[in-house]
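Here is start-v4.cif, consisting of mmCIF, C-alpha atoms:
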```cif
data_model
loop_
_atom_site.label_atom_id
_atom_site.label_comp_id
_atom_site.auth_asym_id
_atom_site.auth_seq_id
_atom_site.Cartn_x
_atom_site.Cartn_y
_atom_site.Cartn_z
CA MET Z 207 4.00 136.54 -104.90
CA GLU Z 208 2.64 139.55 -106.80
CA TYR Z 209 0.31 137.27 -108.80
CA ALA Z 210 -1.08 135.77 -105.57
CA GLN Z 211 -1.63 139.25 -104.19
CA GLN Z 212 -3.57 140.20 -107.31
CA LEU Z 213 -5.75 137.08 -106.98
CA PHE Z 214 -6.64 138.00 -103.41
CA GLY Z 215 -7.54 141.48 -104.60
CA GLN Z 216 -9.82 140.10 -107.29
CA PHE Z 217 -11.64 137.64 -105.00
CA PHE Z 218 -11.94 139.77 -101.85
CA GLY Z 219 -11.87 143.29 -103.24
CA ALA Z 220 -9.45 146.17 -102.83
CA GLU Z 221 -10.43 146.67 -99.19
CA TRP Z 222 -10.05 143.13 -97.78
CA GLY Z 223 -7.71 141.58 -100.36
CA PRO Z 224 -4.34 143.02 -99.18
CA ALA Z 225 -5.13 142.37 -95.51
CA LEU Z 226 -6.17 138.75 -96.13
CA PHE Z 227 -3.15 138.20 -98.38
CA SER Z 228 -0.80 139.49 -95.68
CA LEU Z 229 -2.50 137.31 -93.05
CA THR Z 230 -2.33 134.20 -95.25
CA LYS Z 231 1.31 134.79 -96.16
CA ASN Z 232 2.31 135.23 -92.52
CA LEU Z 233 0.42 132.08 -91.47
CA VAL Z 234 2.17 130.06 -94.18
CA LEU Z 235 5.56 131.42 -93.10
CA ILE Z 236 4.81 130.66 -89.43
CA VAL Z 237 3.91 127.06 -90.29
CA ALA Z 238 7.05 126.82 -92.45
CA ILE Z 239 9.14 127.81 -89.41
CA VAL Z 240 7.31 126.01 -86.59
CA LEU Z 241 6.92 122.60 -88.25
CA PRO Z 242 10.64 122.12 -89.06
CA LEU Z 243 11.48 123.46 -85.60
CA LEU Z 244 9.25 120.89 -83.87
CA LEU Z 245 10.67 118.18 -86.11
CA GLY Z 246 14.17 119.34 -85.21
CA VAL Z 247 13.26 119.24 -81.51
CA ALA Z 248 11.98 115.67 -81.88
CA TYR Z 249 15.07 114.41 -83.63
CA LEU Z 250 17.42 116.37 -81.40
CA THR Z 251 16.23 114.04 -78.62
CA LEU Z 252 17.17 111.07 -80.80
CA ALA Z 253 20.57 112.62 -81.58
CA GLU Z 254 21.14 113.21 -77.87
CA ARG Z 255 20.38 109.59 -76.96
CA LYS Z 256 22.51 108.19 -79.79
CA ILE Z 257 25.48 110.51 -79.19
CA ILE Z 258 25.52 109.94 -75.42
CA ALA Z 259 25.15 106.20 -76.05
CA PHE Z 260 28.17 106.32 -78.36
CA MET Z 261 30.20 108.15 -75.70
CA GLN Z 262 29.18 105.54 -73.13
CA ILE Z 263 29.92 102.63 -75.50
CA ARG Z 264 26.36 101.40 -75.92
CA VAL Z 265 23.78 101.38 -78.70
CA GLY Z 266 20.93 103.73 -77.82
CA PRO Z 267 17.47 103.61 -79.48
CA ASN Z 268 17.58 100.97 -82.25
CA ARG Z 269 14.14 99.33 -82.30
CA VAL Z 270 11.35 101.61 -83.53
CA THR Z 271 11.46 101.95 -87.31
CA PHE Z 272 9.24 103.03 -90.21
CA PHE Z 273 7.41 100.25 -92.08
CA GLY Z 274 9.98 97.71 -90.92
CA ILE Z 275 12.85 99.27 -92.90
CA PRO Z 276 16.01 97.95 -91.15
CA TRP Z 277 18.28 100.92 -91.84
CA LEU Z 278 15.73 103.27 -90.23
CA ALA Z 279 15.87 101.38 -86.92
CA GLY Z 280 15.64 103.92 -84.10
CA TRP Z 281 14.44 106.79 -86.31
CA GLY Z 282 10.83 106.21 -85.30
CA GLN Z 283 11.58 106.58 -81.58
CA PRO Z 284 10.76 110.34 -81.35
CA ILE Z 285 7.42 109.75 -83.09
CA ALA Z 286 6.64 106.86 -80.71
CA ASP Z 287 7.50 109.07 -77.73
CA ALA Z 288 5.19 111.83 -79.02
CA VAL Z 289 2.30 109.39 -79.49
CA LYS Z 290 2.85 107.99 -75.99
CA ALA Z 291 2.80 111.51 -74.49
CA LEU Z 292 -0.44 112.35 -76.31
CA MET Z 293 -2.13 109.21 -74.96
CA LYS Z 294 -1.09 109.69 -71.32
CA GLU Z 295 -3.43 111.30 -68.82
CA ILE Z 296 -2.78 114.82 -67.53
CA ILE Z 297 -3.14 114.54 -63.75
CA ILE Z 298 -3.83 117.76 -61.85
CA PRO Z 299 -2.91 117.48 -58.13
CA ASN Z 300 -5.43 118.20 -55.39
CA GLY Z 301 -5.05 121.77 -54.17
CA ALA Z 302 -3.41 122.94 -57.40
CA ASN Z 303 -4.63 126.02 -59.22
CA LYS Z 304 -6.04 124.30 -62.31
CA PHE Z 305 -6.06 127.38 -64.56
CA LEU Z 306 -2.46 128.37 -63.82
CA PHE Z 307 -1.36 124.73 -63.81
CA ILE Z 308 -2.44 124.40 -67.46
CA LEU Z 309 -1.36 127.94 -68.38
CA ALA Z 310 2.25 127.50 -67.20
CA PRO Z 311 3.40 125.14 -70.01
CA ILE Z 312 1.80 127.45 -72.56
CA LEU Z 313 3.65 130.46 -71.13
CA THR Z 314 6.88 128.48 -71.41
CA ILE Z 315 6.54 127.23 -75.00
CA THR Z 316 5.02 130.41 -76.51
CA PRO Z 317 8.09 132.68 -76.09
CA ALA Z 318 10.36 129.84 -77.26
CA LEU Z 319 8.42 129.73 -80.55
CA ALA Z 320 7.63 133.46 -80.89
CA ALA Z 321 11.33 134.39 -80.74
CA TRP Z 322 11.86 132.75 -84.15
CA ALA Z 323 9.81 135.48 -85.86
CA VAL Z 324 12.88 137.71 -86.31
CA VAL Z 325 15.54 135.02 -86.90
CA PRO Z 326 17.00 135.33 -90.43
CA PHE Z 327 17.88 132.05 -92.15
CA SER Z 328 19.41 133.87 -95.13
CA PRO Z 329 19.43 137.47 -96.40
CA GLU Z 330 15.93 136.94 -97.86
CA MET Z 331 14.45 134.28 -95.52
CA VAL Z 332 13.06 136.06 -92.44
CA LEU Z 333 9.49 136.39 -91.19
CA ALA Z 334 9.82 139.88 -89.66
CA ASP Z 335 12.91 141.89 -90.56
CA ILE Z 336 12.69 144.49 -87.78
CA ASN Z 337 15.42 146.85 -86.64
CA ALA Z 338 15.17 145.82 -82.97
CA GLY Z 339 15.24 142.07 -83.65
CA LEU Z 340 17.86 141.25 -81.02
CA LEU Z 341 15.98 143.25 -78.39
CA TYR Z 342 12.78 141.41 -79.32
CA ILE Z 343 14.47 138.03 -78.83
CA LEU Z 344 15.84 139.05 -75.43
CA ALA Z 345 12.36 140.18 -74.39
CA MET Z 346 10.71 136.96 -75.60
CA THR Z 347 13.23 134.61 -74.01
CA SER Z 348 12.99 136.52 -70.71
CA MET Z 349 9.27 135.76 -70.51
CA GLY Z 350 9.82 132.00 -70.30
CA VAL Z 351 10.78 132.32 -66.62
CA TYR Z 352 7.19 133.31 -65.78
CA GLY Z 353 5.95 129.93 -66.94
CA ILE Z 354 8.52 128.22 -64.70
CA ILE Z 355 7.54 130.26 -61.62
CA ILE Z 356 3.81 129.77 -62.23
CA ALA Z 357 4.29 126.02 -62.75
CA GLY Z 358 6.10 125.68 -59.42
CA TRP Z 359 3.56 127.77 -57.51
CA ALA Z 360 0.40 126.38 -59.12
CA SER Z 361 1.41 122.76 -58.45
CA ASN Z 362 0.90 123.24 -54.68
CA SER Z 363 4.06 121.21 -54.05
CA LYS Z 364 7.04 122.34 -52.01
CA TYR Z 365 9.43 120.41 -54.26
CA ALA Z 366 8.03 122.04 -57.41
CA PHE Z 367 8.18 125.46 -55.74
CA LEU Z 368 11.80 125.00 -54.68
CA GLY Z 369 12.71 123.89 -58.19
CA ALA Z 370 10.94 126.93 -59.66
CA MET Z 371 12.81 129.32 -57.35
CA ARG Z 372 16.15 127.71 -58.23
CA SER Z 373 15.44 127.80 -61.95
CA ALA Z 374 14.17 131.40 -61.91
CA ALA Z 375 17.22 132.66 -59.99
CA GLN Z 376 19.54 130.79 -62.34
CA VAL Z 377 17.87 132.07 -65.51
CA VAL Z 378 17.79 135.69 -64.34
CA SER Z 379 21.44 135.56 -63.20
CA TYR Z 380 22.78 134.25 -66.49
CA GLU Z 381 20.58 136.54 -68.59
CA LEU Z 382 22.63 139.45 -67.25
CA ALA Z 383 25.86 137.89 -68.49
CA MET Z 384 24.27 137.09 -71.86
CA GLY Z 385 23.03 140.68 -72.17
CA PHE Z 386 26.45 142.17 -71.41
CA ALA Z 387 28.07 139.79 -73.92
CA LEU Z 388 25.62 140.99 -76.58
CA VAL Z 389 26.45 144.62 -75.78
CA CYS Z 390 29.92 143.97 -77.20
CA VAL Z 391 28.34 142.68 -80.41
CA LEU Z 392 26.13 145.77 -80.64
CA MET Z 393 29.16 148.02 -80.17
CA MET Z 394 30.86 146.38 -83.15
CA SER Z 395 27.87 146.02 -85.46
CA HIS Z 396 26.09 149.31 -84.60
CA SER Z 397 22.76 147.55 -85.12
CA LEU Z 398 20.09 145.50 -83.35
CA ASN Z 399 18.99 143.91 -86.62
CA LEU Z 400 20.21 140.30 -86.84
CA GLY Z 401 20.60 140.49 -90.62
CA ASP Z 402 22.79 143.59 -90.31
CA ILE Z 403 24.88 141.89 -87.61
CA VAL Z 404 25.58 138.99 -89.98
CA LYS Z 405 26.36 141.33 -92.88
CA GLY Z 406 28.82 143.21 -90.66
CA GLN Z 407 30.89 140.02 -90.38
CA GLU Z 408 31.59 139.59 -94.09
CA GLY Z 409 34.71 141.02 -95.68
CA GLY Z 410 37.84 139.71 -97.34
CA SER Z 411 38.82 136.17 -98.21
CA PHE Z 412 40.00 135.35 -94.68
CA ILE Z 413 37.54 134.61 -91.89
CA ASN Z 414 36.58 137.76 -89.98
CA TRP Z 415 33.59 136.76 -87.92
CA TYR Z 416 33.05 138.39 -84.54
CA LEU Z 417 34.23 135.12 -82.97
CA ILE Z 418 37.88 136.21 -83.20
CA PRO Z 419 37.78 139.61 -81.42
CA LEU Z 420 34.94 138.51 -79.13
CA PHE Z 421 35.95 134.93 -78.32
CA PRO Z 422 35.64 135.39 -74.51
CA MET Z 423 32.17 136.89 -75.06
CA PHE Z 424 31.25 133.92 -77.25
CA LEU Z 425 32.19 131.53 -74.44
CA VAL Z 426 30.27 133.60 -71.88
CA TYR Z 427 27.21 133.76 -74.13
CA PHE Z 428 27.19 130.07 -75.01
CA ILE Z 429 27.80 128.80 -71.47
CA SER Z 430 25.17 131.22 -70.18
CA GLY Z 431 22.81 129.81 -72.80
CA VAL Z 432 23.45 126.31 -71.47
CA ALA Z 433 22.66 127.56 -67.96
CA GLU Z 434 19.56 129.48 -69.06
CA THR Z 435 18.09 126.38 -70.67
CA ASN Z 436 18.69 124.41 -67.43
CA ARG Z 437 20.88 121.90 -69.22
CA ALA Z 438 23.59 119.81 -67.59
CA PRO Z 439 25.82 120.65 -65.79
CA PHE Z 440 23.50 123.53 -64.80
CA ASP Z 441 20.44 121.34 -64.24
CA VAL Z 442 20.40 121.79 -60.48
CA ALA Z 443 16.75 122.89 -60.77
CA GLU Z 444 16.00 119.24 -61.55
CA GLY Z 445 18.13 117.83 -58.73
CA GLU Z 446 16.51 114.44 -58.28
CA SER Z 447 18.47 113.63 -55.13
CA GLU Z 448 17.43 116.92 -53.49
CA ILE Z 449 14.03 118.09 -54.76
CA VAL Z 450 12.70 115.07 -56.69
CA ALA Z 451 12.47 116.59 -60.20
CA GLY Z 452 12.22 120.37 -60.22
CA PHE Z 453 9.37 122.70 -61.13
CA HIS Z 454 7.58 120.17 -63.38
CA VAL Z 455 7.56 117.30 -60.88
CA GLU Z 456 3.72 117.27 -60.74
CA TYR Z 457 3.23 117.38 -64.52
CA SER Z 458 2.46 114.38 -66.71
CA GLY Z 459 1.36 113.59 -70.23
CA MET Z 460 1.30 116.32 -72.82
CA ALA Z 461 1.64 119.09 -70.20
CA PHE Z 462 5.08 117.74 -69.25
CA THR Z 463 5.96 117.25 -72.92
CA VAL Z 464 5.37 120.96 -73.59
CA PHE Z 465 8.04 121.86 -71.00
CA PHE Z 466 10.29 119.32 -72.69
CA LEU Z 467 9.66 120.88 -76.11
CA ALA Z 468 10.34 124.37 -74.77
CA GLU Z 469 13.72 123.32 -73.34
CA TYR Z 470 14.91 121.82 -76.62
CA ALA Z 471 13.47 124.67 -78.69
CA ASN Z 472 15.43 127.10 -76.52
CA MET Z 473 18.57 125.01 -77.04
CA ILE Z 474 18.17 125.33 -80.82
CA LEU Z 475 17.46 129.06 -80.45
CA VAL Z 476 20.63 129.65 -78.39
CA ALA Z 477 22.71 127.72 -80.95
CA THR Z 478 21.11 129.67 -83.81
CA LEU Z 479 21.72 133.06 -82.21
CA ALA Z 480 25.33 132.16 -81.39
CA SER Z 481 25.80 131.12 -85.03
CA LEU Z 482 24.30 134.38 -86.33
CA ILE Z 483 25.99 136.73 -83.89
CA PHE Z 484 29.47 135.24 -83.51
CA LEU Z 485 29.97 132.70 -86.33
CA GLY Z 486 28.79 134.65 -89.34
CA GLY Z 487 25.39 133.00 -89.75
CA TRP Z 488 24.93 131.93 -93.35
CA LEU Z 489 28.37 133.26 -94.38
CA PRO Z 490 30.95 130.62 -95.38
CA PRO Z 491 34.07 130.28 -93.21
CA PHE Z 492 36.25 131.47 -96.10
CA ASN Z 493 35.12 133.69 -98.95
CA ILE Z 494 36.78 131.47 -101.57
CA ALA Z 495 35.75 128.47 -103.64
CA PRO Z 496 34.63 125.79 -102.87
CA PHE Z 497 33.21 127.29 -99.66
CA THR Z 498 31.20 129.92 -101.53
CA LEU Z 499 29.53 127.26 -103.71
CA ILE Z 500 27.62 125.81 -100.74
CA PRO Z 501 24.28 127.60 -100.05
CA GLY Z 502 24.31 129.91 -97.04
CA PHE Z 503 21.36 128.11 -95.43
CA ILE Z 504 23.46 124.91 -95.31
CA TRP Z 505 26.31 126.76 -93.58
CA LEU Z 506 23.88 128.06 -90.96
CA LEU Z 507 22.50 124.56 -90.31
CA LEU Z 508 26.02 123.12 -89.99
CA LYS Z 509 27.00 125.77 -87.45
CA ILE Z 510 23.81 125.18 -85.44
CA ALA Z 511 24.40 121.41 -85.44
CA PHE Z 512 28.02 121.95 -84.36
CA LEU Z 513 26.98 124.05 -81.35
CA LEU Z 514 24.13 121.70 -80.41
CA PHE Z 515 26.66 118.89 -80.25
CA PHE Z 516 28.33 120.70 -77.35
CA PHE Z 517 25.04 120.81 -75.44
CA LEU Z 518 24.95 117.02 -75.66
CA TRP Z 519 28.66 116.59 -74.99
CA PHE Z 520 28.41 118.65 -71.79
CA ARG Z 521 25.64 116.41 -70.48
CA ALA Z 522 27.71 113.28 -71.07
CA THR Z 523 30.90 114.74 -69.57
CA PHE Z 524 30.42 117.09 -66.63
CA PRO Z 525 28.90 116.36 -63.22
CA ARG Z 526 26.13 118.60 -61.92
CA TYR Z 527 27.30 121.80 -60.24
CA ARG Z 528 26.26 122.74 -56.74
CA TYR Z 529 23.86 125.66 -56.57
CA ASP Z 530 26.39 127.99 -54.93
CA GLN Z 531 28.90 127.15 -57.69
CA ILE Z 532 26.35 128.08 -60.36
CA MET Z 533 25.60 131.43 -58.72
CA ARG Z 534 29.30 132.16 -58.18
CA LEU Z 535 30.12 131.49 -61.84
CA GLY Z 536 27.39 133.83 -63.02
CA TRP Z 537 27.82 136.74 -60.62
CA LYS Z 538 31.53 136.65 -59.74
CA VAL Z 539 33.08 135.41 -62.99
CA PHE Z 540 30.95 136.01 -66.07
CA ILE Z 541 29.51 139.44 -65.25
CA PRO Z 542 32.92 140.98 -64.25
CA ILE Z 543 34.53 139.51 -67.39
CA THR Z 544 31.86 140.99 -69.65
CA LEU Z 545 32.10 144.42 -67.99
CA VAL Z 546 35.89 144.48 -68.38
CA TRP Z 547 35.59 143.40 -72.02
CA ILE Z 548 33.08 146.16 -72.74
CA VAL Z 549 35.55 148.73 -71.38
CA LEU Z 550 38.45 147.24 -73.38
CA LEU Z 551 36.36 147.10 -76.54
CA GLY Z 552 35.28 150.70 -76.11
CA ALA Z 553 38.91 151.76 -75.61
CA VAL Z 554 40.02 149.93 -78.79
CA MET Z 555 37.21 151.50 -80.80
CA GLN Z 556 38.42 154.97 -79.75
CA LEU Z 557 41.90 154.40 -81.18
CA PRO Z 558 42.80 156.53 -84.24
CA PRO Z 559 42.19 154.95 -87.69
CA SER Z 560 45.89 155.11 -88.54
CA PHE Z 561 46.65 152.78 -85.60
CA LEU Z 562 43.85 150.36 -86.53
CA ASN Z 563 44.95 150.24 -90.18
CA ALA Z 564 48.45 149.19 -89.13
CA PHE Z 565 47.07 145.96 -87.67
CA PRO Z 566 44.42 143.42 -88.70
CA LEU Z 567 42.09 145.21 -86.26
CA ASN Z 568 40.69 147.30 -89.12
CA LEU Z 569 38.81 144.18 -90.32
CA TRP Z 570 36.43 144.46 -87.36
CA PHE Z 571 36.74 147.98 -85.91
CA HIS Z 572 35.68 150.72 -88.30
#
```
Please lay out the structure from this file as structure tokens.
Amino acid sequence: MEYAQQLFGQFFGAEWGPALFSLTKNLVLIVAIVLPLLLGVAYLTLAERKIIAFMQIRVGPNRVTFFGIPWLAGWGQPIADAVKALMKEIIIPNGANKFLFILAPILTITPALAAWAVVPFSPEMVLADINAGLLYILAMTSMGVYGIIIAGWASNSKYAFLGAMRSAAQVVSYELAMGFALVCVLMMSHSLNLGDIVKGQEGGSFINWYLIPLFPMFLVYFISGVAETNRAPFDVAEGESEIVAGFHVEYSGMAFTVFFLAEYANMILVATLASLIFLGGWLPPFNIAPFTLIPGFIWLLLKIAFLLFFFLWFRATFPRYRYDQIMRLGWKVFIPITLVWIVLLGAVMQLPPSFLNAFPLNLWFH
């Protein structure tokens, strides 16, 4: 890295060299994050179709392959779907606001990708190691709702507008519960930096992630993440029997695909944040061999895959909730639970050290 920086200084001078080196390095890191993320989104769709097919005792995608290789049958399906979406026409309805109609998918996918700038994949692998990383992610993910509202309004369709209003109300409602759940994590870690939050969960040989003292908050956060991404059983915004298909009913081709990408990218982001905040991130489950011999990045990927499996399992298992049930769960169940837990956590943290040392509580509360 230092040698590359010196080369830039020699070619572009002392004035422009460091700036161009920093720009080039950041662009390379962005590509190194975005490309695997988009590939993960593509093959998460394949995993969803195969897993749900297995649960429903059928086969799922098993035709499209690469170069006719039999044991890769089905693995080419996401690529075929992407090519089909690129070739389809983007139809803009009469009466729609063309500028906002095209802008809405961009406003939805941009925050879903920008939030990854502060996500640490290991103690050294992070694009921007800022102190307010968690606050930055909350701000970025909150902006996605603007794309949904604009898409529903710009389509000039009452069905799209109704879907946008449903989705916006649902996202805002469950963001409150997610925020209160994260307050408990901040109280324990004393930091907004995601790397510091993960480091605060390491300790002795036995597992001492935040999952154990904050298990109710983990459930609230994860279920709220399912609701915020409009996934089943919280996909009432796409109620086909009521409002045709939700806020993106008038979209086609690549414009619709961008909404699709944003939804799955947000799913991966929610699973990643839950892994970092509650499950120890790249830390092994036990600080003993052979667990410590596996690289931390692999542990993080395994935890993300484990949580993503539940997204798919929920879709194959639960029926869609009514809209009043969704609002009741968010406002009358999750938010009161998180407020009570914040008070209890604060009370425990005020106990004298002698009391905490007499119990395993001293592993988490310092």
Nearest to Z:Val404: which of Z:Ala238, Z:Ala374, Z:Leu514, Z:Ile483 is it, counting only C-alpha atoms?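 Residue with the minimum atom-to-atom distance to Z:Val404: Z:Ile483.
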Counting all atoms listed in the file, figure out which residue out of Z:Ala553, Z:Leu309, Z:Ile236, Z:Ala451 gets nearest to Z:Ala323.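 Distance minimum relative to Z:Ala323 lands on Z:Ile236.
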Would you list the contacts of Z:Thr251 as a compact mmCIF listing (two decimals) with C-alpha atoms, keeping the file's coordinate frame, taking every protein, DNA or RNA residue within 10 Å and counting all atoms listed in the file, but skipping same-chain residues closer than 6 positions in sequence?
```txt
# COMPACT_ATOMS: atom_id res chain seq x y z
CA ILE Z 257 25.48 110.51 -79.19
CA GLN Z 283 11.58 106.58 -81.58
CA PRO Z 284 10.76 110.34 -81.35
CA PHE Z 466 10.29 119.32 -72.69
CA LEU Z 467 9.66 120.88 -76.11
CA TYR Z 470 14.91 121.82 -76.62
CA LEU Z 518 24.95 117.02 -75.66
```
For atom CA of Z:Glu381 and atom CA of Z:Phe512, the interatomic separation in Å (one decimal):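 Computed distance, atom CA of Z:Glu381 to atom CA of Z:Phe512, equals 22.7 Å.
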Taking every listed atom of stretch 363-366 of chain Z and adding 8 Å to each side, what centre and edge lengths in Å (one decimal) does the axis-aligned box have, as AutoDock Vina command-line options?
```
--center_x 6.7 --center_y 121.4 --center_z -54.7 --size_x 21.4 --size_y 17.9 --size_z 21.4
```
Could you state which residues are captured by the PyMOL selection byres ((chain Z and resi 351) around 9) in this file, as a list of chain:residue names?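 For this structure, the PyMOL selection byres ((chain Z and resi 351) around 9) resolves to Z:Leu313, Z:Thr314, Z:Thr347, Z:Ser348, Z:Met349, Z:Gly350, Z:Tyr352, Z:Gly353, Z:Ile354, Z:Ile355, Z:Ile356, Z:Ala370, Z:Ser373, Z:Ala374, Z:Val377, Z:Val378.
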Report as a compact mmCIF listing (two decimals) with C-alpha atoms, keeping the file's coordinate frame the residues that result from applying the PyMOL selection byres ((chain Z and resi 269) around 8) to the structure here.
```
# COMPACT_ATOMS: atom_id res chain seq x y z
CA PRO Z 267 17.47 103.61 -79.48
CA ASN Z 268 17.58 100.97 -82.25
CA VAL Z 270 11.35 101.61 -83.53
CA THR Z 271 11.46 101.95 -87.31
CA ALA Z 279 15.87 101.38 -86.92
CA GLY Z 280 15.64 103.92 -84.10
CA GLN Z 283 11.58 106.58 -81.58
```
Considering all atoms listed in the file, can you say which of Z:Ile297, Z:Ile315, Z:Val546, Z:Ala387 comes closest to Z:Leu417?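 Looking at the shortest contact to Z:Leu417, the residue is Z:Ala387.
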Which residues are near Z:Ile500? Cut-off 10 Å, only C-alpha atoms, ignore same chain within fewer than 5 positions. Put them as a list in words.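 Those residues are Trp488, Leu489, Pro490, Ala495 and Trp505 of chain Z.
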I need the residue nearest Z:Leu545 from this list: Z:Leu368, Z:Asn300, Z:Leu382, Z:Met261. Use only C-alpha atoms for the distance. Z:Leu382
Straight-line distance linking atom CA of Z:Gly552 with atom CA of Z:Ala433, stated in Å to one decimal: 27.6 Å
So, counting only C-alpha atoms, which residue among Z:Val455, Z:Ile298, Z:Leu550, Z:Ile336 is closest to Z:Lys364? Z:Val455
Counting all atoms listed in the file, figure out which residue out of Z:Leu535, Z:Ala291, Z:Ile343, Z:Ile543 gets nearest to Z:Phe462.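 Under the stated criterion, the closest residue is Z:Ala291.
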Just the residues within 12 Å of Z:Asp530, please, counting only C-alpha atoms, with nothing from its chain fewer than 5 positions along; format it as a list in words.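 The residues that qualify are Arg372, Ala375, Gln376, Phe440, Val442, Leu535, Gly536, Trp537 and Lys538 of chain Z.
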If I take atom CA of Z:Gln407 and atom CA of Z:Leu235, how far is one from the other in Å, to one decimal?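 Separating atom CA of Z:Gln407 from atom CA of Z:Leu235 is a distance of 26.9 Å.
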Could you give me, as a PyMOL selection string, the residues that have an atom at most 12 Å away from the point (7.2, 127.2, -88.3) in the coordinates of the file, using all atoms listed in the file? chain Z and resi 232-246+318-323+325+332-333+471
Got a sec to resolve the PyMOL selection byres ((chain Z and resi 522) around 9) on this structure and send the residues as a PyMOL selection string? chain Z and resi 257-258+261-262+438+518-521+523-525
Test item: write stretch 421-436 of chain Z with N, CA and C atoms as a short mmCIF file (atom, residue, chain, number, x, y, z; two decimals), in the first residue's frame:
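This is the output file part_7.cif:
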```cif
data_model
loop_
_atom_site.label_atom_id
_atom_site.label_comp_id
_atom_site.auth_asym_id
_atom_site.auth_seq_id
_atom_site.Cartn_x
_atom_site.Cartn_y
_atom_site.Cartn_z
N PHE Z 421 -31.47 -11.10 24.39
CA PHE Z 421 -32.19 -11.97 23.47
C PHE Z 421 -33.55 -11.41 23.04
N PRO Z 422 -34.36 -10.84 23.96
CA PRO Z 422 -35.62 -10.23 23.50
C PRO Z 422 -35.39 -9.10 22.50
N MET Z 423 -34.31 -8.31 22.71
CA MET Z 423 -34.02 -7.22 21.78
C MET Z 423 -33.56 -7.76 20.43
N PHE Z 424 -32.87 -8.89 20.45
CA PHE Z 424 -32.48 -9.53 19.19
C PHE Z 424 -33.71 -9.94 18.40
N LEU Z 425 -34.69 -10.54 19.07
CA LEU Z 425 -35.91 -10.95 18.38
C LEU Z 425 -36.66 -9.74 17.84
N VAL Z 426 -36.75 -8.68 18.65
CA VAL Z 426 -37.44 -7.46 18.20
C VAL Z 426 -36.72 -6.87 17.00
N TYR Z 427 -35.39 -6.81 17.06
CA TYR Z 427 -34.63 -6.22 15.96
C TYR Z 427 -34.78 -7.04 14.69
N PHE Z 428 -34.67 -8.34 14.80
CA PHE Z 428 -34.69 -9.18 13.60
C PHE Z 428 -36.09 -9.20 12.97
N ILE Z 429 -37.13 -9.35 13.79
CA ILE Z 429 -38.49 -9.35 13.24
C ILE Z 429 -38.82 -7.98 12.66
N SER Z 430 -38.37 -6.92 13.31
CA SER Z 430 -38.58 -5.59 12.75
C SER Z 430 -37.83 -5.43 11.43
N GLY Z 431 -36.66 -6.06 11.32
CA GLY Z 431 -35.95 -6.02 10.05
C GLY Z 431 -36.70 -6.74 8.95
N VAL Z 432 -37.36 -7.85 9.29
CA VAL Z 432 -38.19 -8.54 8.31
C VAL Z 432 -39.34 -7.64 7.86
N ALA Z 433 -39.95 -6.93 8.82
CA ALA Z 433 -41.05 -6.04 8.47
C ALA Z 433 -40.57 -4.84 7.67
N GLU Z 434 -39.40 -4.31 8.01
CA GLU Z 434 -38.90 -3.11 7.32
C GLU Z 434 -38.53 -3.42 5.87
N THR Z 435 -38.14 -4.64 5.60
CA THR Z 435 -37.82 -5.01 4.22
C THR Z 435 -39.04 -5.50 3.44
N ASN Z 436 -40.23 -5.38 4.06
CA ASN Z 436 -41.50 -5.78 3.41
C ASN Z 436 -41.51 -7.25 3.00
#
```
